[in-house]
>>> print(open('model_14.cif').read())   # mmCIF, C-alpha atoms
data_model
#
loop_
_atom_site.group_PDB
_atom_site.id
_atom_site.type_symbol
_atom_site.label_atom_id
_atom_site.label_comp_id
_atom_site.auth_asym_id
_atom_site.auth_seq_id
_atom_site.Cartn_x
_atom_site.Cartn_y
_atom_site.Cartn_z
ATOM 1 C CA MET P 1 -34.437 55.012 66.643
ATOM 2 C CA LEU P 2 -35.480 55.560 63.023
ATOM 3 C CA ILE P 3 -38.555 57.457 64.157
ATOM 4 C CA GLN P 4 -36.478 59.744 66.392
ATOM 5 C CA ILE P 5 -33.959 60.391 63.607
ATOM 6 C CA SER P 6 -36.791 61.233 61.209
ATOM 7 C CA LEU P 7 -38.310 63.592 63.772
ATOM 8 C CA PHE P 8 -35.042 65.485 64.341
ATOM 9 C CA LEU P 9 -34.410 65.468 60.578
ATOM 10 C CA LEU P 10 -37.746 67.173 59.897
ATOM 11 C CA THR P 11 -37.228 69.594 62.785
ATOM 12 C CA GLY P 12 -33.808 70.489 61.383
ATOM 13 C CA ILE P 13 -35.304 71.112 57.944
ATOM 14 C CA LEU P 14 -37.858 73.438 59.527
ATOM 15 C CA ALA P 15 -35.147 75.266 61.474
ATOM 16 C CA GLY P 16 -32.981 75.579 58.353
ATOM 17 C CA THR P 17 -35.924 77.023 56.445
ATOM 18 C CA ILE P 18 -36.441 79.648 59.146
ATOM 19 C CA THR P 19 -32.751 80.598 59.360
ATOM 20 C CA GLY P 20 -32.545 80.739 55.582
ATOM 21 C CA LEU P 21 -35.572 82.997 55.169
ATOM 22 C CA ILE P 22 -34.881 85.470 57.988
ATOM 23 C CA PRO P 23 -31.747 87.613 57.517
ATOM 24 C CA GLY P 24 -29.688 87.911 60.686
ATOM 25 C CA ILE P 25 -30.769 84.542 62.103
ATOM 26 C CA HIS P 26 -27.987 82.206 61.064
ATOM 27 C CA ILE P 27 -27.403 78.501 61.586
ATOM 28 C CA ASN P 28 -24.236 79.345 63.521
ATOM 29 C CA LEU P 29 -26.357 81.154 66.108
ATOM 30 C CA VAL P 30 -28.678 78.157 66.419
ATOM 31 C CA GLY P 31 -25.620 75.895 66.639
ATOM 32 C CA ILE P 32 -24.250 77.911 69.552
ATOM 33 C CA ILE P 33 -27.602 77.660 71.327
ATOM 34 C CA ILE P 34 -27.758 73.892 70.776
ATOM 35 C CA VAL P 35 -24.217 73.435 72.113
ATOM 36 C CA SER P 36 -24.982 75.578 75.169
ATOM 37 C CA LEU P 37 -28.162 73.654 75.939
ATOM 38 C CA SER P 38 -26.650 70.229 75.205
ATOM 39 C CA VAL P 39 -25.043 70.134 78.666
ATOM 40 C CA SER P 40 -28.222 71.174 80.480
ATOM 41 C CA TYR P 41 -31.741 71.073 79.083
ATOM 42 C CA LEU P 42 -30.846 68.908 76.077
ATOM 43 C CA SER P 43 -28.554 66.522 77.981
ATOM 44 C CA PRO P 44 -31.138 63.671 77.993
ATOM 45 C CA ILE P 45 -31.196 63.745 74.182
ATOM 46 C CA SER P 46 -28.719 61.506 72.362
ATOM 47 C CA PRO P 47 -25.891 63.419 70.624
ATOM 48 C CA ILE P 48 -26.745 61.493 67.445
ATOM 49 C CA TYR P 49 -30.142 63.171 67.270
ATOM 50 C CA LEU P 50 -28.632 66.608 67.857
ATOM 51 C CA ILE P 51 -26.140 65.981 65.043
ATOM 52 C CA VAL P 52 -28.969 64.959 62.693
ATOM 53 C CA PHE P 53 -30.763 68.183 63.595
ATOM 54 C CA ILE P 54 -27.670 70.358 62.986
ATOM 55 C CA VAL P 55 -26.755 68.719 59.672
ATOM 56 C CA SER P 56 -30.278 68.811 58.245
ATOM 57 C CA MET P 57 -30.627 72.431 59.358
ATOM 58 C CA ALA P 58 -27.284 73.396 57.808
ATOM 59 C CA ILE P 59 -27.928 71.723 54.446
ATOM 60 C CA THR P 60 -31.472 73.102 54.243
ATOM 61 C CA HIS P 61 -30.100 76.574 54.989
ATOM 62 C CA THR P 62 -27.790 76.350 51.966
ATOM 63 C CA PHE P 63 -30.871 75.837 49.768
ATOM 64 C CA ILE P 64 -33.067 78.520 51.288
ATOM 65 C CA ASP P 65 -30.756 81.428 52.105
ATOM 66 C CA PHE P 66 -30.664 82.599 48.481
ATOM 67 C CA ILE P 67 -34.327 83.603 48.656
ATOM 68 C CA PRO P 68 -33.850 86.696 50.884
ATOM 69 C CA SER P 69 -30.491 87.539 49.324
ATOM 70 C CA ILE P 70 -32.107 87.708 45.876
ATOM 71 C CA LEU P 71 -35.491 89.193 46.808
ATOM 72 C CA LEU P 72 -34.467 91.519 49.666
ATOM 73 C CA GLY P 73 -30.924 92.554 48.802
ATOM 74 C CA CYS P 74 -31.700 94.104 45.418
ATOM 75 C CA PRO P 75 -30.577 97.721 44.866
ATOM 76 C CA ASP P 76 -33.112 100.374 43.880
ATOM 77 C CA THR P 77 -34.279 100.630 40.284
ATOM 78 C CA ASP P 78 -32.089 103.665 39.547
ATOM 79 C CA THR P 79 -28.963 101.589 40.091
ATOM 80 C CA GLU P 80 -27.187 100.386 37.000
ATOM 81 C CA LEU P 81 -27.609 96.677 36.342
ATOM 82 C CA SER P 82 -23.990 95.931 37.176
ATOM 83 C CA VAL P 83 -25.152 94.044 40.264
ATOM 84 C CA LEU P 84 -25.288 90.404 41.276
ATOM 85 C CA PRO P 85 -26.722 87.959 38.701
ATOM 86 C CA GLY P 86 -29.705 87.145 40.920
ATOM 87 C CA HIS P 87 -30.651 90.817 41.099
ATOM 88 C CA LYS P 88 -30.277 91.196 37.351
ATOM 89 C CA LEU P 89 -32.803 88.425 36.790
ATOM 90 C CA LEU P 90 -35.059 89.823 39.524
ATOM 91 C CA LYS P 91 -35.231 93.194 37.773
ATOM 92 C CA LYS P 92 -36.186 91.401 34.565
ATOM 93 C CA GLY P 93 -39.041 89.622 36.330
ATOM 94 C CA LEU P 94 -37.090 86.358 36.575
ATOM 95 C CA GLY P 95 -36.410 86.281 40.317
ATOM 96 C CA TYR P 96 -38.092 82.908 40.734
ATOM 97 C CA GLU P 97 -35.883 81.511 38.005
ATOM 98 C CA ALA P 98 -32.785 82.817 39.789
ATOM 99 C CA ILE P 99 -33.825 81.041 42.983
ATOM 100 C CA ILE P 100 -34.556 77.789 41.129
ATOM 101 C CA LEU P 101 -31.132 77.905 39.465
ATOM 102 C CA THR P 102 -29.397 78.067 42.849
ATOM 103 C CA CYS P 103 -31.537 75.129 43.971
ATOM 104 C CA TYR P 104 -30.449 73.180 40.883
ATOM 105 C CA GLY P 105 -26.851 73.708 41.944
ATOM 106 C CA SER P 106 -27.502 72.756 45.564
ATOM 107 C CA LEU P 107 -29.455 69.632 44.595
ATOM 108 C CA ALA P 108 -26.737 68.500 42.198
ATOM 109 C CA ALA P 109 -24.172 69.158 44.932
ATOM 110 C CA ILE P 110 -25.891 66.641 47.221
ATOM 111 C CA PHE P 111 -25.369 63.828 44.716
ATOM 112 C CA ILE P 112 -21.839 64.994 43.915
ATOM 113 C CA LEU P 113 -20.990 65.045 47.608
ATOM 114 C CA ILE P 114 -22.167 61.458 48.082
ATOM 115 C CA LEU P 115 -20.191 60.290 45.038
ATOM 116 C CA ILE P 116 -16.856 61.942 45.826
ATOM 117 C CA SER P 117 -16.926 62.036 49.629
ATOM 118 C CA PHE P 118 -15.054 58.805 50.294
ATOM 119 C CA PRO P 119 -12.408 59.341 47.568
ATOM 120 C CA SER P 120 -11.940 62.789 49.123
ATOM 121 C CA VAL P 121 -11.442 61.221 52.552
ATOM 122 C CA LEU P 122 -8.670 58.995 51.179
ATOM 123 C CA ILE P 123 -6.942 61.802 49.287
ATOM 124 C CA VAL P 124 -7.062 64.333 52.128
ATOM 125 C CA SER P 125 -6.002 61.874 54.820
ATOM 126 C CA LYS P 126 -2.907 60.930 52.789
ATOM 127 C CA THR P 127 -1.893 64.402 51.619
ATOM 128 C CA TYR P 128 -2.812 66.756 54.465
ATOM 129 C CA ASP P 129 0.271 66.125 56.608
ATOM 130 C CA SER P 130 2.604 66.778 53.684
ATOM 131 C CA ILE P 131 0.982 70.108 52.739
ATOM 132 C CA ARG P 132 0.113 71.343 56.242
ATOM 133 C CA ASN P 133 3.110 73.677 56.428
ATOM 134 C CA LEU P 134 2.230 75.147 53.037
ATOM 135 C CA ILE P 135 -1.309 76.174 54.034
ATOM 136 C CA PRO P 136 -0.350 79.738 55.142
ATOM 137 C CA TYR P 137 1.252 80.338 51.751
ATOM 138 C CA PHE P 138 -1.831 78.984 49.969
ATOM 139 C CA LEU P 139 -4.008 81.355 51.985
ATOM 140 C CA ILE P 140 -1.791 84.336 51.174
ATOM 141 C CA LEU P 141 -1.858 83.417 47.479
ATOM 142 C CA VAL P 142 -5.653 83.018 47.440
ATOM 143 C CA SER P 143 -6.151 86.273 49.376
ATOM 144 C CA LEU P 144 -3.910 88.225 47.011
ATOM 145 C CA THR P 145 -5.662 86.693 44.010
ATOM 146 C CA LEU P 146 -9.103 87.663 45.316
ATOM 147 C CA ILE P 147 -7.936 91.213 46.081
ATOM 148 C CA LEU P 148 -6.338 91.632 42.649
ATOM 149 C CA MET P 149 -9.554 90.436 40.987
ATOM 150 C CA GLU P 150 -11.459 93.377 42.478
ATOM 151 C CA LYS P 151 -11.898 96.588 40.496
ATOM 152 C CA LYS P 152 -11.217 98.731 43.595
ATOM 153 C CA ARG P 153 -8.139 96.940 44.870
ATOM 154 C CA LEU P 154 -7.212 99.441 47.577
ATOM 155 C CA SER P 155 -10.732 99.277 49.006
ATOM 156 C CA ALA P 156 -10.596 95.479 48.879
ATOM 157 C CA LEU P 157 -7.250 95.492 50.684
ATOM 158 C CA PHE P 158 -8.599 97.865 53.332
ATOM 159 C CA VAL P 159 -11.660 95.665 53.954
ATOM 160 C CA PHE P 160 -9.441 92.574 54.047
ATOM 161 C CA LEU P 161 -7.156 94.104 56.693
ATOM 162 C CA LEU P 162 -10.070 95.552 58.664
ATOM 163 C CA THR P 163 -11.920 92.236 58.865
ATOM 164 C CA GLY P 164 -8.697 90.455 59.757
ATOM 165 C CA LEU P 165 -8.139 92.903 62.616
ATOM 166 C CA LEU P 166 -11.727 92.414 63.760
ATOM 167 C CA GLY P 167 -11.357 88.630 63.783
ATOM 168 C CA TRP P 168 -8.045 88.774 65.622
ATOM 169 C CA SER P 169 -9.483 91.152 68.226
ATOM 170 C CA VAL P 170 -12.619 89.106 68.836
ATOM 171 C CA LEU P 171 -10.790 85.786 69.157
ATOM 172 C CA ASN P 172 -8.409 87.293 71.694
ATOM 173 C CA LEU P 173 -11.126 88.618 74.009
ATOM 174 C CA HIS P 174 -10.669 86.015 76.729
ATOM 175 C CA SER P 175 -13.042 87.826 79.085
ATOM 176 C CA ILE P 176 -16.038 86.860 76.899
ATOM 177 C CA ASN P 177 -17.308 83.278 76.977
ATOM 178 C CA GLN P 178 -18.833 83.388 73.481
ATOM 179 C CA PRO P 179 -16.801 85.960 71.497
ATOM 180 C CA LEU P 180 -18.390 84.918 68.194
ATOM 181 C CA LEU P 181 -21.956 85.472 69.411
ATOM 182 C CA PRO P 182 -22.028 89.266 68.742
ATOM 183 C CA LEU P 183 -20.612 88.687 65.264
ATOM 184 C CA LEU P 184 -23.071 85.944 64.389
ATOM 185 C CA THR P 185 -26.117 87.753 65.780
ATOM 186 C CA GLY P 186 -25.266 91.291 64.696
ATOM 187 C CA LEU P 187 -22.617 91.845 62.063
ATOM 188 C CA PHE P 188 -23.290 88.648 60.124
ATOM 189 C CA GLY P 189 -26.753 89.694 58.953
ATOM 190 C CA GLY P 190 -26.442 93.405 59.639
ATOM 191 C CA SER P 191 -25.212 94.387 56.165
ATOM 192 C CA MET P 192 -28.175 92.843 54.366
ATOM 193 C CA LEU P 193 -30.655 94.350 56.830
ATOM 194 C CA ILE P 194 -29.127 97.826 56.428
ATOM 195 C CA LEU P 195 -29.170 97.542 52.631
ATOM 196 C CA SER P 196 -32.772 96.344 52.671
ATOM 197 C CA ILE P 197 -33.826 99.304 54.824
ATOM 198 C CA LYS P 198 -31.753 101.843 52.892
ATOM 199 C CA ASN P 199 -32.753 100.838 49.395
ATOM 200 C CA LYS P 200 -36.174 101.647 48.003
ATOM 201 C CA ILE P 201 -36.832 98.332 46.388
ATOM 202 C CA LYS P 202 -39.304 98.284 43.509
ATOM 203 C CA ILE P 203 -39.544 94.709 42.375
ATOM 204 C CA PRO P 204 -41.278 94.242 39.010
ATOM 205 C CA LYS P 205 -43.942 91.606 38.545
ATOM 206 C CA GLN P 206 -42.257 88.221 38.469
ATOM 207 C CA LYS P 207 -42.857 85.590 35.838
ATOM 208 C CA ILE P 208 -42.788 81.855 36.437
ATOM 209 C CA THR P 209 -40.582 80.307 33.781
ATOM 210 C CA LYS P 210 -38.666 77.097 33.363
ATOM 211 C CA PRO P 211 -34.959 77.850 33.844
ATOM 212 C CA LYS P 212 -32.576 76.951 31.073
ATOM 213 C CA ALA P 213 -28.918 76.777 32.005
ATOM 214 C CA LYS P 214 -25.918 74.615 31.282
ATOM 215 C CA LEU P 215 -25.073 72.631 34.407
ATOM 216 C CA LYS P 216 -21.877 70.783 33.534
ATOM 217 C CA ILE P 217 -19.453 73.727 33.424
ATOM 218 C CA PRO P 218 -20.706 75.473 36.607
ATOM 219 C CA LEU P 219 -20.722 72.176 38.499
ATOM 220 C CA LEU P 220 -17.187 71.447 37.322
ATOM 221 C CA GLY P 221 -16.043 74.790 38.721
ATOM 222 C CA ALA P 222 -17.795 74.018 41.999
ATOM 223 C CA ILE P 223 -16.241 70.553 42.239
ATOM 224 C CA ILE P 224 -12.751 72.026 41.855
ATOM 225 C CA ALA P 225 -13.143 75.094 44.076
ATOM 226 C CA ALA P 226 -15.396 73.887 46.915
ATOM 227 C CA PRO P 227 -13.138 71.131 48.334
ATOM 228 C CA ILE P 228 -10.131 73.475 48.312
ATOM 229 C CA CYS P 229 -12.011 76.193 50.193
ATOM 230 C CA SER P 230 -13.508 73.626 52.556
ATOM 231 C CA PHE P 231 -10.184 72.286 53.763
ATOM 232 C CA LEU P 232 -8.337 75.608 53.933
ATOM 233 C CA PRO P 233 -9.096 77.803 56.965
ATOM 234 C CA GLY P 234 -10.646 81.211 56.453
ATOM 235 C CA LEU P 235 -12.260 80.399 53.103
ATOM 236 C CA GLY P 236 -15.929 79.731 52.526
ATOM 237 C CA SER P 237 -18.589 79.360 49.872
ATOM 238 C CA GLY P 238 -18.252 82.975 48.705
ATOM 239 C CA GLN P 239 -14.560 82.565 47.927
ATOM 240 C CA ALA P 240 -15.254 79.147 46.402
ATOM 241 C CA ALA P 241 -17.833 80.693 44.063
ATOM 242 C CA VAL P 242 -15.383 83.382 42.920
ATOM 243 C CA ILE P 243 -12.613 80.839 42.346
ATOM 244 C CA GLY P 244 -15.006 78.403 40.674
ATOM 245 C CA ASN P 245 -16.321 81.094 38.348
ATOM 246 C CA THR P 246 -12.754 82.056 37.435
ATOM 247 C CA ILE P 247 -12.211 78.455 36.389
ATOM 248 C CA ALA P 248 -15.563 77.840 34.696
ATOM 249 C CA ARG P 249 -16.173 81.308 33.166
ATOM 250 C CA THR P 250 -19.944 80.939 33.327
ATOM 251 C CA ASP P 251 -22.710 83.357 32.360
ATOM 252 C CA LYS P 252 -25.028 84.866 34.976
ATOM 253 C CA LYS P 253 -27.370 81.871 35.042
ATOM 254 C CA GLY P 254 -24.462 79.456 35.233
ATOM 255 C CA PHE P 255 -22.999 81.509 38.074
ATOM 256 C CA LEU P 256 -26.195 81.046 40.089
ATOM 257 C CA VAL P 257 -25.954 77.279 39.597
ATOM 258 C CA LEU P 258 -22.311 77.423 40.649
ATOM 259 C CA LEU P 259 -23.191 79.557 43.680
ATOM 260 C CA GLY P 260 -25.804 77.076 44.865
ATOM 261 C CA ALA P 261 -23.460 74.132 44.333
ATOM 262 C CA THR P 262 -20.503 75.693 46.157
ATOM 263 C CA ASN P 263 -22.721 76.754 49.049
ATOM 264 C CA THR P 264 -23.873 73.187 49.663
ATOM 265 C CA LEU P 265 -20.563 71.509 48.814
ATOM 266 C CA VAL P 266 -18.561 73.696 51.198
ATOM 267 C CA MET P 267 -20.972 72.849 53.999
ATOM 268 C CA GLY P 268 -20.842 69.132 53.193
ATOM 269 C CA PHE P 269 -17.070 69.044 52.877
ATOM 270 C CA SER P 270 -16.715 70.773 56.242
ATOM 271 C CA PHE P 271 -18.032 67.575 57.839
ATOM 272 C CA ILE P 272 -15.530 65.539 55.834
ATOM 273 C CA SER P 273 -12.811 67.923 57.006
ATOM 274 C CA LEU P 274 -13.896 67.340 60.601
ATOM 275 C CA TYR P 275 -13.571 63.584 60.103
ATOM 276 C CA THR P 276 -10.304 63.467 58.144
ATOM 277 C CA ILE P 277 -8.182 66.215 59.730
ATOM 278 C CA SER P 278 -10.209 67.046 62.872
ATOM 279 C CA LYS P 279 -10.565 70.679 61.756
ATOM 280 C CA THR P 280 -13.768 72.702 61.893
ATOM 281 C CA ARG P 281 -14.358 74.967 58.887
ATOM 282 C CA THR P 282 -18.008 75.951 59.431
ATOM 283 C CA GLY P 283 -20.166 76.848 62.405
ATOM 284 C CA ALA P 284 -22.165 73.637 61.982
ATOM 285 C CA ALA P 285 -18.958 71.577 62.114
ATOM 286 C CA VAL P 286 -17.881 73.475 65.239
ATOM 287 C CA ALA P 287 -21.193 72.656 66.911
ATOM 288 C CA ILE P 288 -20.908 68.964 66.026
ATOM 289 C CA HIS P 289 -17.297 68.849 67.248
ATOM 290 C CA GLN P 290 -18.261 70.403 70.584
ATOM 291 C CA ILE P 291 -21.121 67.952 71.028
ATOM 292 C CA ILE P 292 -19.434 64.691 70.044
ATOM 293 C CA GLY P 293 -15.728 65.438 69.497
ATOM 294 C CA ASN P 294 -13.951 63.861 66.532
ATOM 295 C CA LEU P 295 -16.186 61.976 64.123
ATOM 296 C CA GLU P 296 -16.159 58.233 63.648
ATOM 297 C CA VAL P 297 -16.814 56.733 60.237
ATOM 298 C CA ASN P 298 -20.355 55.586 61.138
ATOM 299 C CA ILE P 299 -21.275 59.152 62.172
ATOM 300 C CA LEU P 300 -19.809 60.504 58.924
ATOM 301 C CA ILE P 301 -21.910 58.034 56.921
ATOM 302 C CA LEU P 302 -25.001 59.119 58.858
ATOM 303 C CA ILE P 303 -24.205 62.785 58.156
ATOM 304 C CA LEU P 304 -23.697 62.204 54.437
ATOM 305 C CA PHE P 305 -27.004 60.397 54.051
ATOM 306 C CA VAL P 306 -29.023 62.778 56.209
#
>>> encode(input="model_14.cif", output="structure tokens")
Amino acid sequence: MLIQISLFLLTGILAGTITGLIPGIHINLVGIIIVSLSVSYLSPISPIYLIVFIVSMAITHTFIDFIPSILLGCPDTDTELSVLPGHKLLKKGLGYEAIILTCYGSLAAIFILILISFPSVLIVSKTYDSIRNLIPYFLILVSLTLILMEKKRLSALFVFLLTGLLGWSVLNLHSINQPLLPLLTGLFGGSMLILSIKNKIKIPKQKITKPKAKLKIPLLGAIIAAPICSFLPGLGSGQAAVIGNTIARTDKKGFLVLLGATNTLVMGFSFISLYTISKTRTGAAVAIHQIIGNLEVNILILILFV
């Protein structure tokens, strides 16, 4: 059994590397394919092995997906440097450093997740029922806060309402078996692809340097923000990074560490959320839930140590 687990673990790492490097191919798409095939072609394979594959793919993706977002999503050189921190470093020839900083955050998040996972299980399992009715108000408060933090608040409100309408429309299309498939295959990666085609990217020669950044403050922001966004519906790693940065007040290098940490923590906590409250907060958690149903503690332990 150990050999089979190792084989699916390595295959998942390979799949996560591919989904992370190629914009538009997301782990959610692969998860949908695995779920669809699990009742036919993949039915002879134990669900445990499929879960190992999905988890290793998902965690690997959180490490790798910053590479195209930093190297391919950079605006043209005429654009003012008021862009994302990764692009700022890229234009200074420090793109490799930006990628390494996100990996620092993701790697630290793995150890943090192992340390605080079981205390989190106890806390969430005892408090969730008492705060369940307050979740809509929390979401409204977080949404308003994120909108008010934007410079163009009316534009942010318009995008917020437009995406909400899109989600409501898609989820109510009962005539389509997989309503999320067009979103995950098209719209999810479409923005980055369009920007990459539109912008005339002139990347300066990159230097290989040893990153220097303070880790404690960004990781503290990630530890506070990621669990909250993991257990609340509709929030993800992007919102966790914004909230975490509001708490930690990091510089651009610290923000990259925080971004990597929240990305991995949100994914990891989504599995804890599936175990404690039987709620799916990420596509990977949805795929696992559809394959095996609610998690048992031995499966959660396996997931955490994969």
>>> atom_distance(input="model_14.cif", atom1="atom CA of Val52 of chain P", atom2="atom CA of Ile228 of chain P")
25.2 Å
>>> atom_distance(input="model_14.cif", atom1="atom CA of Thr280 of chain P", atom2="atom CA of Val266 of chain P")
11.8 Å
>>> resolve_selection(input="model_14.cif", expression="the PyMOL selection byres ((chain P and resi 49) around 12)", output="PyMOL selection string")
chain P and resi 1-12+34+38+42-48+50-56+288+291-292+299+302-303+306
>>> closest_residue(input="model_14.cif", among="P:Thr250, P:Ser155, P:Ser143, P:Asn298", to="Pro233 of chain P", atoms="only C-alpha atoms")
P:Ser143
>>> resolve_selection(input="model_14.cif", expression="the PyMOL selection byres ((chain P and resi 21-26) around 6)", output="ChimeraX atom specification")
/P:18-20,27-29,65,68,189
